[in-house]
$ cat query_4.tsv   # TSV, C-alpha atoms and all ligand atoms
chain	number	residue	atom	x	y	z
A	283	MET	CA	-127.70	-108.36	48.32
A	284	THR	CA	-126.56	-111.32	46.21
A	285	VAL	CA	-124.83	-113.98	48.25
A	286	VAL	CA	-122.06	-115.78	46.41
A	287	PHE	CA	-122.17	-119.48	47.21
A	288	ASP	CA	-118.77	-121.15	47.07
A	289	PRO	CA	-119.30	-124.92	47.43
A	290	ILE	CA	-115.63	-125.70	48.10
A	291	ALA	CA	-115.15	-123.13	50.86
A	292	THR	CA	-118.60	-123.86	52.32
A	293	GLY	CA	-117.99	-127.61	52.42
A	294	THR	CA	-114.68	-127.08	54.20
A	295	GLU	CA	-116.28	-124.76	56.74
A	296	ILE	CA	-119.19	-127.16	57.41
A	297	GLN	CA	-116.73	-130.00	58.03
A	298	ARG	CA	-114.63	-127.83	60.37
A	299	ARG	CA	-117.46	-126.21	62.34
A	300	ILE	CA	-120.15	-128.90	62.41
A	301	GLY	CA	-118.16	-132.05	61.70
A	302	VAL	CA	-120.42	-133.13	58.84
A	303	LYS	CA	-118.93	-134.34	55.56
A	304	THR	CA	-120.28	-132.78	52.40
A	305	SER	CA	-120.09	-133.74	48.74
A	306	ARG	CA	-120.06	-131.53	45.69
A	307	ASP	CA	-122.20	-131.99	42.55
A	308	GLU	CA	-124.00	-134.87	44.22
A	309	PRO	CA	-126.58	-136.43	41.85
A	310	LEU	CA	-129.95	-136.29	43.62
A	311	ALA	CA	-131.95	-138.82	41.61
A	312	ARG	CA	-131.03	-141.68	43.95
A	313	PHE	CA	-132.33	-139.71	46.93
A	314	THR	CA	-135.82	-139.42	45.45
A	315	THR	CA	-138.46	-142.07	44.79
A	316	MET	CA	-139.06	-140.74	41.25
A	317	ARG	CA	-135.37	-141.35	40.55
A	318	VAL	CA	-134.90	-138.10	38.62
A	319	GLY	CA	-132.99	-134.93	39.40
A	320	GLY	CA	-129.58	-133.46	38.68
A	321	PRO	CA	-126.80	-132.52	41.10
A	322	ALA	CA	-126.82	-130.46	44.27
A	323	ASP	CA	-124.01	-127.90	44.34
A	324	LEU	CA	-123.32	-129.13	47.86
A	325	PHE	CA	-124.93	-132.03	49.73
A	326	ALA	CA	-124.88	-132.97	53.41
A	327	THR	CA	-126.65	-135.60	55.46
A	328	ALA	CA	-127.79	-134.75	59.00
A	329	HIS	CA	-127.67	-137.94	61.06
A	330	ASN	CA	-129.18	-136.44	64.19
A	331	ALA	CA	-131.13	-133.39	65.34
A	332	PHE	CA	-127.95	-131.62	66.43
A	333	GLU	CA	-126.45	-131.81	62.93
A	334	LEU	CA	-129.76	-130.88	61.32
A	335	ARG	CA	-130.19	-127.81	63.47
A	336	ALA	CA	-126.55	-126.78	63.00
A	337	LEU	CA	-126.62	-127.16	59.20
A	338	VAL	CA	-129.80	-125.12	58.82
A	339	ARG	CA	-128.61	-122.41	61.20
A	340	PHE	CA	-125.29	-122.28	59.31
A	341	ALA	CA	-127.01	-121.84	55.94
A	342	ARG	CA	-129.49	-119.27	57.28
A	343	ALA	CA	-126.74	-117.22	58.96
A	344	ARG	CA	-124.86	-116.95	55.67
A	345	GLY	CA	-127.99	-116.35	53.65
A	346	PHE	CA	-127.30	-118.95	50.99
A	347	PRO	CA	-129.94	-121.16	49.43
A	348	HIS	CA	-130.62	-124.47	51.14
A	349	LEU	CA	-133.19	-127.18	50.70
A	350	ILE	CA	-134.41	-129.85	53.12
A	351	LEU	CA	-134.89	-133.32	51.71
A	352	GLY	CA	-136.58	-136.17	53.55
A	353	ARG	CA	-136.97	-139.37	51.52
A	354	GLY	CA	-137.75	-137.37	48.36
A	355	SER	CA	-141.11	-139.14	47.92
A	356	ASP	CA	-143.21	-136.05	47.17
A	357	VAL	CA	-140.83	-134.15	44.92
A	358	VAL	CA	-139.62	-133.96	41.33
A	359	ILE	CA	-136.14	-132.42	41.22
A	360	ALA	CA	-135.09	-130.62	38.03
A	361	ASP	CA	-132.54	-132.21	35.67
A	362	ALA	CA	-130.35	-129.15	36.23
A	363	GLY	CA	-130.28	-129.97	39.94
A	364	VAL	CA	-130.36	-127.66	42.94
A	365	ARG	CA	-128.25	-124.58	43.57
A	366	GLY	CA	-126.84	-124.16	47.06
A	367	LEU	CA	-126.89	-126.73	49.85
A	368	VAL	CA	-129.19	-129.75	50.03
A	369	ILE	CA	-129.61	-131.13	53.55
A	370	GLN	CA	-130.83	-134.70	53.68
A	371	VAL	CA	-132.62	-135.52	56.95
A	372	ARG	CA	-131.56	-138.80	58.51
A	373	ALA	CA	-132.14	-137.85	62.16
A	374	GLU	CA	-133.83	-141.10	63.15
A	375	GLY	CA	-134.14	-141.22	66.95
A	376	SER	CA	-137.46	-142.43	68.36
A	377	ARG	CA	-138.96	-143.47	71.69
A	378	VAL	CA	-142.21	-144.49	73.30
A	379	ASP	CA	-143.42	-142.65	76.40
A	380	GLY	CA	-146.70	-144.09	77.69
A	381	GLU	CA	-149.22	-143.49	74.90
A	382	ARG	CA	-146.93	-141.11	73.08
A	383	TYR	CA	-144.60	-141.97	70.21
A	384	ILE	CA	-141.85	-139.39	69.78
A	385	ALA	CA	-139.76	-139.34	66.61
A	386	GLU	CA	-137.06	-137.17	65.09
A	387	SER	CA	-138.05	-135.81	61.71
A	388	GLY	CA	-135.97	-138.27	59.68
A	389	VAL	CA	-137.76	-141.37	61.00
A	390	GLN	CA	-139.58	-143.10	58.17
A	391	MET	CA	-143.35	-143.23	58.58
A	392	ALA	CA	-143.38	-146.97	57.87
A	393	ARG	CA	-140.92	-147.51	60.72
A	394	ALA	CA	-143.05	-145.30	63.00
A	395	ALA	CA	-146.05	-147.49	62.15
A	396	THR	CA	-144.28	-150.75	63.03
A	397	GLU	CA	-142.59	-149.39	66.17
A	398	ALA	CA	-145.93	-148.13	67.47
A	399	GLN	CA	-147.49	-151.51	66.69
A	400	ARG	CA	-144.80	-153.31	68.66
A	401	ALA	CA	-145.45	-150.97	71.59
A	402	GLY	CA	-149.18	-151.84	71.45
A	403	LEU	CA	-150.17	-148.37	70.22
A	404	THR	CA	-152.71	-147.79	67.45
A	405	GLY	CA	-153.21	-144.70	65.24
A	406	LEU	CA	-150.10	-144.64	63.09
A	407	GLU	CA	-150.93	-147.63	60.87
A	408	PHE	CA	-151.58	-145.37	57.85
A	409	GLY	CA	-147.87	-144.46	58.01
A	410	LEU	CA	-147.13	-147.79	56.34
A	411	ALA	CA	-148.56	-146.30	53.13
A	412	ILE	CA	-146.33	-143.21	53.26
A	413	PRO	CA	-142.78	-143.81	51.94
A	414	GLY	CA	-141.53	-140.57	53.48
A	415	THR	CA	-140.20	-139.20	56.74
A	416	VAL	CA	-142.03	-137.80	59.74
A	417	GLY	CA	-140.89	-134.30	58.70
A	418	GLY	CA	-142.17	-134.70	55.14
A	419	ALA	CA	-145.41	-136.22	56.44
A	420	ILE	CA	-146.10	-133.22	58.70
A	421	TRP	CA	-145.20	-130.82	55.87
A	422	ALA	CA	-147.83	-132.51	53.67
A	423	ASN	CA	-150.22	-133.60	56.43
A	424	ALA	CA	-149.82	-136.94	54.69
A	425	GLY	CA	-152.68	-139.36	55.01
A	426	ALA	CA	-154.11	-142.62	53.80
A	427	HIS	CA	-156.70	-145.23	54.77
A	428	GLU	CA	-159.05	-142.69	56.32
A	429	SER	CA	-156.47	-141.11	58.59
A	430	ASP	CA	-153.76	-138.50	58.42
A	431	VAL	CA	-151.03	-136.85	60.47
A	432	ALA	CA	-153.50	-134.31	61.90
A	433	ALA	CA	-155.51	-137.12	63.50
A	434	VAL	CA	-152.63	-138.33	65.69
A	435	LEU	CA	-150.05	-135.56	65.95
A	436	GLU	CA	-149.96	-133.83	69.34
A	437	SER	CA	-147.14	-131.36	68.63
A	438	ALA	CA	-144.02	-130.71	66.60
A	439	ARG	CA	-140.68	-129.25	67.64
A	440	VAL	CA	-139.85	-126.57	65.09
A	441	LEU	CA	-136.89	-124.32	64.34
A	442	ALA	CA	-138.69	-121.12	63.36
A	443	ALA	CA	-137.59	-118.70	60.66
A	444	ASP	CA	-136.38	-116.24	63.33
A	445	GLY	CA	-134.03	-118.87	64.81
A	446	SER	CA	-136.13	-119.62	67.88
A	447	GLU	CA	-137.11	-123.19	68.68
A	448	ALA	CA	-140.45	-124.25	70.14
A	449	VAL	CA	-142.81	-127.16	70.60
A	450	ILE	CA	-145.91	-126.16	68.64
A	451	PRO	CA	-149.29	-127.80	69.29
A	452	THR	CA	-150.99	-129.36	66.28
A	453	ARG	CA	-153.84	-126.81	66.28
A	454	ASP	CA	-151.27	-124.13	65.37
A	455	LEU	CA	-149.73	-126.07	62.48
A	456	GLU	CA	-152.68	-125.33	60.15
A	457	LEU	CA	-152.98	-128.92	58.99
A	458	GLY	CA	-155.60	-129.41	56.27
A	459	TYR	CA	-156.03	-131.70	53.29
A	460	ARG	CA	-152.39	-132.35	52.28
A	461	ASP	CA	-151.55	-128.95	53.67
A	462	SER	CA	-149.76	-127.29	56.58
A	463	ARG	CA	-148.28	-123.96	57.50
A	464	PHE	CA	-144.89	-125.33	56.37
A	465	LYS	CA	-146.05	-125.08	52.76
A	466	HIS	CA	-146.78	-121.35	53.07
A	467	ARG	CA	-143.77	-119.43	54.20
A	468	ALA	CA	-143.83	-115.64	54.23
A	469	PRO	CA	-142.03	-114.09	51.21
A	470	GLY	CA	-138.31	-113.80	51.91
A	471	ALA	CA	-138.53	-115.74	55.21
A	472	ALA	CA	-136.53	-118.90	55.84
A	473	ALA	CA	-138.50	-122.15	55.69
A	474	GLU	CA	-139.42	-123.52	59.11
A	475	LEU	CA	-137.64	-126.74	59.98
A	476	ILE	CA	-139.43	-129.66	61.65
A	477	LEU	CA	-137.11	-131.32	64.14
A	478	GLU	CA	-139.29	-133.76	66.06
A	479	ALA	CA	-142.88	-134.95	66.35
A	480	THR	CA	-144.96	-136.24	69.25
A	481	PHE	CA	-147.84	-138.50	68.26
A	482	ARG	CA	-150.62	-139.24	70.75
A	483	LEU	CA	-151.82	-142.81	70.19
A	484	SER	CA	-154.17	-145.28	71.90
A	485	PRO	CA	-153.49	-148.70	73.37
A	486	ALA	CA	-154.55	-151.78	71.37
A	487	GLY	CA	-153.46	-155.38	71.03
A	488	PRO	CA	-150.34	-155.76	68.84
A	489	ASP	CA	-152.06	-158.57	66.90
A	490	THR	CA	-155.08	-156.40	66.08
A	491	ILE	CA	-152.78	-153.60	64.90
A	492	LYS	CA	-150.72	-156.06	62.88
A	493	GLU	CA	-153.85	-157.23	61.08
A	494	ARG	CA	-154.55	-153.62	60.10
A	495	LEU	CA	-150.98	-153.20	58.87
A	496	ASP	CA	-151.27	-156.38	56.79
A	497	GLY	CA	-154.54	-155.07	55.30
A	498	ILE	CA	-152.87	-151.80	54.31
A	499	ARG	CA	-149.92	-153.67	52.80
A	500	ARG	CA	-152.25	-155.82	50.69
A	501	TRP	CA	-154.29	-152.80	49.56
A	502	ARG	CA	-151.20	-150.94	48.43
A	503	GLN	CA	-149.85	-153.91	46.52
A	504	ALA	CA	-153.19	-154.30	44.72
A	505	HIS	CA	-153.75	-150.61	43.93
A	506	GLN	CA	-150.37	-148.85	43.56
A	507	PRO	CA	-147.52	-149.39	41.08
A	508	LEU	CA	-145.07	-150.01	43.90
A	509	GLY	CA	-142.27	-151.65	41.92
A	510	LEU	CA	-141.71	-148.57	39.74
A	511	PRO	CA	-140.23	-145.16	40.58
A	512	SER	CA	-142.91	-142.54	41.29
A	513	ALA	CA	-143.72	-139.68	43.66
A	514	GLY	CA	-147.16	-140.97	44.66
A	515	SER	CA	-150.20	-138.93	43.63
A	516	VAL	CA	-149.28	-136.21	41.15
A	517	PHE	CA	-152.45	-134.12	41.63
A	518	ARG	CA	-154.54	-133.08	44.60
A	519	ASN	CA	-158.11	-134.28	44.62
A	520	PRO	CA	-160.45	-131.39	43.72
A	521	PRO	CA	-163.25	-130.87	46.27
A	522	GLY	CA	-165.63	-133.86	46.16
A	523	GLU	CA	-163.76	-135.47	43.23
A	524	SER	CA	-160.91	-137.87	42.65
A	525	ALA	CA	-158.05	-136.63	40.47
A	526	GLY	CA	-157.31	-140.23	39.45
A	527	ARG	CA	-160.89	-140.73	38.27
A	528	LEU	CA	-160.70	-137.56	36.13
A	529	VAL	CA	-157.40	-138.66	34.56
A	530	ASP	CA	-158.77	-142.14	33.90
A	531	ALA	CA	-162.04	-140.81	32.44
A	532	ALA	CA	-160.01	-138.63	30.08
A	533	GLY	CA	-158.47	-141.83	28.70
A	534	LEU	CA	-154.96	-140.90	29.78
A	535	LYS	CA	-153.76	-144.11	31.44
A	536	GLY	CA	-150.69	-145.30	29.56
A	537	LEU	CA	-149.97	-141.85	28.04
A	538	ARG	CA	-146.18	-141.58	27.72
A	539	ILE	CA	-143.54	-138.89	27.26
A	540	GLY	CA	-140.02	-140.30	27.11
A	541	GLY	CA	-139.46	-142.48	30.17
A	542	ALA	CA	-142.49	-141.18	32.06
A	543	VAL	CA	-145.91	-142.80	31.76
A	544	VAL	CA	-149.32	-142.42	33.40
A	545	SER	CA	-149.67	-145.59	35.45
A	546	GLU	CA	-152.13	-148.21	34.22
A	547	LYS	CA	-152.66	-149.27	37.82
A	548	HIS	CA	-153.37	-145.86	39.40
A	549	ALA	CA	-154.19	-142.97	37.06
A	550	ASN	CA	-152.97	-140.31	39.53
A	551	PHE	CA	-149.45	-141.81	39.51
A	552	ILE	CA	-146.81	-141.00	36.92
A	553	VAL	CA	-144.14	-143.69	36.90
A	554	ASN	CA	-140.65	-143.45	35.53
A	555	ASP	CA	-140.32	-146.86	33.94
A	556	ARG	CA	-137.57	-146.24	31.38
A	557	LYS	CA	-135.00	-144.09	33.10
A	558	GLY	CA	-136.90	-140.92	32.23
A	559	SER	CA	-135.79	-137.38	32.99
A	560	ALA	CA	-137.39	-134.80	35.27
A	561	ALA	CA	-138.39	-132.92	32.11
A	562	ASP	CA	-140.26	-136.04	30.87
A	563	VAL	CA	-142.17	-136.23	34.14
A	564	ARG	CA	-143.04	-132.55	34.20
A	565	ARG	CA	-144.04	-132.40	30.53
A	566	LEU	CA	-146.30	-135.40	31.02
A	567	ALA	CA	-147.83	-133.93	34.19
A	568	GLU	CA	-148.54	-130.63	32.39
A	569	ARG	CA	-150.01	-132.50	29.41
A	570	VAL	CA	-152.31	-134.55	31.68
A	571	ARG	CA	-153.40	-131.37	33.42
A	572	ALA	CA	-154.23	-129.69	30.09
A	573	GLU	CA	-156.14	-132.75	28.79
A	574	VAL	CA	-158.17	-133.06	32.00
A	575	GLU	CA	-159.03	-129.37	31.86
A	576	ALA	CA	-160.06	-129.61	28.21
A	577	ARG	CA	-162.16	-132.70	28.86
A	578	HIS	CA	-163.71	-131.99	32.28
A	579	GLY	CA	-163.25	-128.24	32.75
A	580	VAL	CA	-161.35	-128.86	36.00
A	581	ARG	CA	-157.84	-127.47	36.47
A	582	LEU	CA	-155.95	-129.86	38.72
A	583	ASP	CA	-153.41	-128.61	41.26
A	584	PHE	CA	-150.13	-130.43	41.74
A	585	GLU	CA	-149.67	-132.53	44.86
A	586	VAL	CA	-146.00	-133.20	44.07
A	587	GLU	CA	-143.52	-130.35	44.49
A	588	PHE	CA	-141.23	-129.38	41.61
A	589	LEU	CA	-137.93	-128.40	43.19
A	590	GLY	CA	-134.60	-127.08	42.00
A	591	ASP	CA	-133.42	-125.23	38.96
A	592	TRP	CA	-136.23	-125.42	36.40
A	593	GLY	CA	-135.12	-122.24	34.62
A	594	ALA	CA	-137.51	-119.38	33.96
A	595	SER	CA	-140.44	-121.54	32.89
A	596	PRO	CA	-141.48	-125.20	32.88
A	597	PRO	CA	-139.95	-127.28	30.05
A	601	LIG	C1	-145.46	-144.86	46.15
A	601	LIG	C2	-145.88	-143.65	46.92
A	601	LIG	C3	-147.07	-143.64	47.62
A	601	LIG	C4	-147.48	-142.51	48.35
A	601	LIG	N1	-148.65	-142.56	49.02
A	601	LIG	C5	-149.04	-141.49	49.75
A	601	LIG	C6	-150.26	-141.53	50.47
A	601	LIG	O1	-150.97	-142.53	50.49
A	601	LIG	N2	-150.62	-140.41	51.17
A	601	LIG	C7	-149.85	-139.28	51.18
A	601	LIG	O2	-150.21	-138.31	51.87
A	601	LIG	N3	-148.69	-139.22	50.51
A	601	LIG	C8	-148.26	-140.30	49.79
A	601	LIG	N4	-147.08	-140.24	49.09
A	601	LIG	C9	-146.32	-138.97	49.05
A	601	LIG	C10	-145.18	-138.83	50.09
A	601	LIG	O3	-144.73	-140.09	50.53
A	601	LIG	C11	-145.59	-138.01	51.30
A	601	LIG	O4	-145.99	-136.71	50.93
A	601	LIG	C12	-144.44	-137.89	52.32
A	601	LIG	O5	-144.99	-137.31	53.49
A	601	LIG	C13	-143.25	-137.06	51.87
A	601	LIG	O6	-142.20	-137.22	52.82
A	601	LIG	P1	-140.65	-137.12	52.38
A	601	LIG	O7	-139.81	-137.34	53.58
A	601	LIG	O8	-140.38	-138.03	51.25
A	601	LIG	O9	-140.60	-135.62	51.92
A	601	LIG	P2	-139.73	-135.02	50.70
A	601	LIG	O10	-140.36	-135.46	49.41
A	601	LIG	O11	-138.30	-135.31	50.89
A	601	LIG	O12	-139.98	-133.47	50.90
A	601	LIG	C14	-141.26	-132.91	50.64
A	601	LIG	C15	-141.25	-131.47	51.18
A	601	LIG	O13	-141.18	-131.52	52.61
A	601	LIG	C16	-140.13	-130.69	53.07
A	601	LIG	N5	-139.57	-131.32	54.27
A	601	LIG	C17	-139.11	-132.60	54.41
A	601	LIG	N6	-138.65	-132.80	55.65
A	601	LIG	C18	-138.80	-131.62	56.32
A	601	LIG	C19	-138.49	-131.17	57.64
A	601	LIG	N7	-137.92	-131.97	58.55
A	601	LIG	N8	-138.78	-129.88	57.97
A	601	LIG	C20	-139.35	-129.04	57.08
A	601	LIG	N9	-139.65	-129.40	55.81
A	601	LIG	C21	-139.38	-130.68	55.43
A	601	LIG	C22	-139.13	-130.66	51.91
A	601	LIG	O14	-138.29	-129.51	51.98
A	601	LIG	C23	-140.05	-130.64	50.71
A	601	LIG	O15	-140.48	-129.31	50.46
A	601	LIG	C24	-146.66	-141.35	48.36
A	601	LIG	C25	-145.44	-141.37	47.66
A	601	LIG	C26	-145.06	-142.50	46.95
A	601	LIG	C27	-143.74	-142.48	46.22
$ encode --input "query_4.tsv" --output "structure tokens"
Amino acid sequence: MTVVFDPIATGTEIQRRIGVKTSRDEPLARFTTMRVGGPADLFATAHNAFELRALVRFARARGFPHLILGRGSDVVIADAGVRGLVIQVRAEGSRVDGERYIAESGVQMARAATEAQRAGLTGLEFGLAIPGTVGGAIWANAGAHESDVAAVLESARVLAADGSEAVIPTRDLELGYRDSRFKHRAPGAAAELILEATFRLSPAGPDTIKERLDGIRRWRQAHQPLGLPSAGSVFRNPPGESAGRLVDAAGLKGLRIGGAVVSEKHANFIVNDRKGSAADVRRLAERVRAEVEARHGVRLDFEVEFLGDWGASPP
């Protein structure tokens, strides 16, 4: 059955039932770190777990398309935008309970890292390198500096596709290299929603942890093009290999299409340095992939997620 999505009526109903304001034809570029992407038919921000839960349940019950957006740091949204409702997660409650750090899914990983440090808890320092939310980090099993979410996550509170809610232990989240069960939903099923995370950390001196944070900060500034819009690593590392090394060895640093260019500083980053479009980014990513395959015989898989209305085929 085709569900007709009426943004005006839906926005009014969301405001009346959930008390959340919505906007129509909201340009999404400013909600992503790549700074590309056209409008959402309807856009709402969830400021707490109650609103987040309610918005997702509302969309699921009516069967219309909806998309969860954290900080948009692992996505490239199409120039044509996103059909249906985009729900931006800004549920940002957090607390420390003994050696546990508990955060709603909209808490930024960098904030989680500094709050844990202030509480004298070590383990989340790598979060400083991840410009996304706790929810996005679990989705990706984000990691850096020889650690990842899997190493410190005890459990996640999840709104399942069937509408039930449960605290799921990490061993059941299928976390692997930049992978989790959240990336593999059953055909036709609603995407699972991450509401909250509990991290199990270890005590350490705040000064020792701060030194580690400073080290990570310095490393990032030296090795990543931080001043320019990007979505981090474009490709996954093939087993035993570095995608960045393959791109570099193929002589592709500096390759440009429109406003998108392969970073000179980090070959696995595409930066958007001249107000490029999503199509520029995707065309360049596909071109890099083809050149690497021709040169090294390795077909790279995308780390970034292409979301929204890309039409029948890539540009
Ligand atoms: C400069 C830069 C450096 C980066 N460095 C690293 C790095 O070192 N290591 C690394 O692993 N990554 C890195 N990234 C990638 C990115 O920051 C991470 O993947 C991050 O975890 C994405 O979080 P997000 O909130 O931005 O997710 P988004 O990009 O907003 O969303 C990504 C996906 O997660 C889903 N999602 C988001 N929140 C939820 C939720 N609550 N419930 C269910 N699904 C959800 C979305 O629907 C979407 O499918 C980098 C990115 C940039 C821009």
$ atom_distance --input "query_4.tsv" --atom1 "CA of Ala567 in chain A" --atom2 "CA of Val516 in chain A"
7.5 Å
$ residues_near_ligand --input "query_4.tsv" --ligand "ligand LIG 601 (chain A)" --cutoff "7 Å" --atoms "all atoms listed in the file" --output "compact mmCIF listing (two decimals) with C-alpha atoms, keeping the file's coordinate frame"
# COMPACT_ATOMS: atom_id res chain seq x y z
CA THR A 315 -138.46 -142.07 44.79
CA LEU A 349 -133.19 -127.18 50.70
CA ILE A 350 -134.41 -129.85 53.12
CA LEU A 351 -134.89 -133.32 51.71
CA GLY A 352 -136.58 -136.17 53.55
CA ARG A 353 -136.97 -139.37 51.52
CA GLY A 354 -137.75 -137.37 48.36
CA SER A 355 -141.11 -139.14 47.92
CA ASP A 356 -143.21 -136.05 47.17
CA VAL A 357 -140.83 -134.15 44.92
CA VAL A 371 -132.62 -135.52 56.95
CA SER A 387 -138.05 -135.81 61.71
CA GLY A 388 -135.97 -138.27 59.68
CA ALA A 411 -148.56 -146.30 53.13
CA ILE A 412 -146.33 -143.21 53.26
CA PRO A 413 -142.78 -143.81 51.94
CA GLY A 414 -141.53 -140.57 53.48
CA THR A 415 -140.20 -139.20 56.74
CA VAL A 416 -142.03 -137.80 59.74
CA GLY A 417 -140.89 -134.30 58.70
CA GLY A 418 -142.17 -134.70 55.14
CA ALA A 419 -145.41 -136.22 56.44
CA ILE A 420 -146.10 -133.22 58.70
CA TRP A 421 -145.20 -130.82 55.87
CA ALA A 422 -147.83 -132.51 53.67
CA ASN A 423 -150.22 -133.60 56.43
CA ALA A 424 -149.82 -136.94 54.69
CA GLY A 425 -152.68 -139.36 55.01
CA ALA A 426 -154.11 -142.62 53.80
CA ARG A 460 -152.39 -132.35 52.28
CA PHE A 464 -144.89 -125.33 56.37
CA GLU A 474 -139.42 -123.52 59.11
CA LEU A 475 -137.64 -126.74 59.98
CA ILE A 476 -139.43 -129.66 61.65
CA LEU A 477 -137.11 -131.32 64.14
CA GLN A 506 -150.37 -148.85 43.56
CA LEU A 508 -145.07 -150.01 43.90
CA SER A 512 -142.91 -142.54 41.29
CA ALA A 513 -143.72 -139.68 43.66
CA GLY A 514 -147.16 -140.97 44.66
CA SER A 515 -150.20 -138.93 43.63
CA GLU A 587 -143.52 -130.35 44.49
$ atom_distance --input "query_4.tsv" --atom1 "CA of Glu478 in chain A" --atom2 "CA of Ala432 in chain A"
14.8 Å
$ closest_residue --input "query_4.tsv" --among "A:Ser429, A:His505, A:Gly470, A:Gly402" --to "Gly458 in chain A" --atoms "all atoms listed in the file"
A:Ser429
$ atom_distance --input "query_4.tsv" --atom1 "CA of Asn554 in chain A" --atom2 "CA of Ala542 in chain A"
4.5 Å
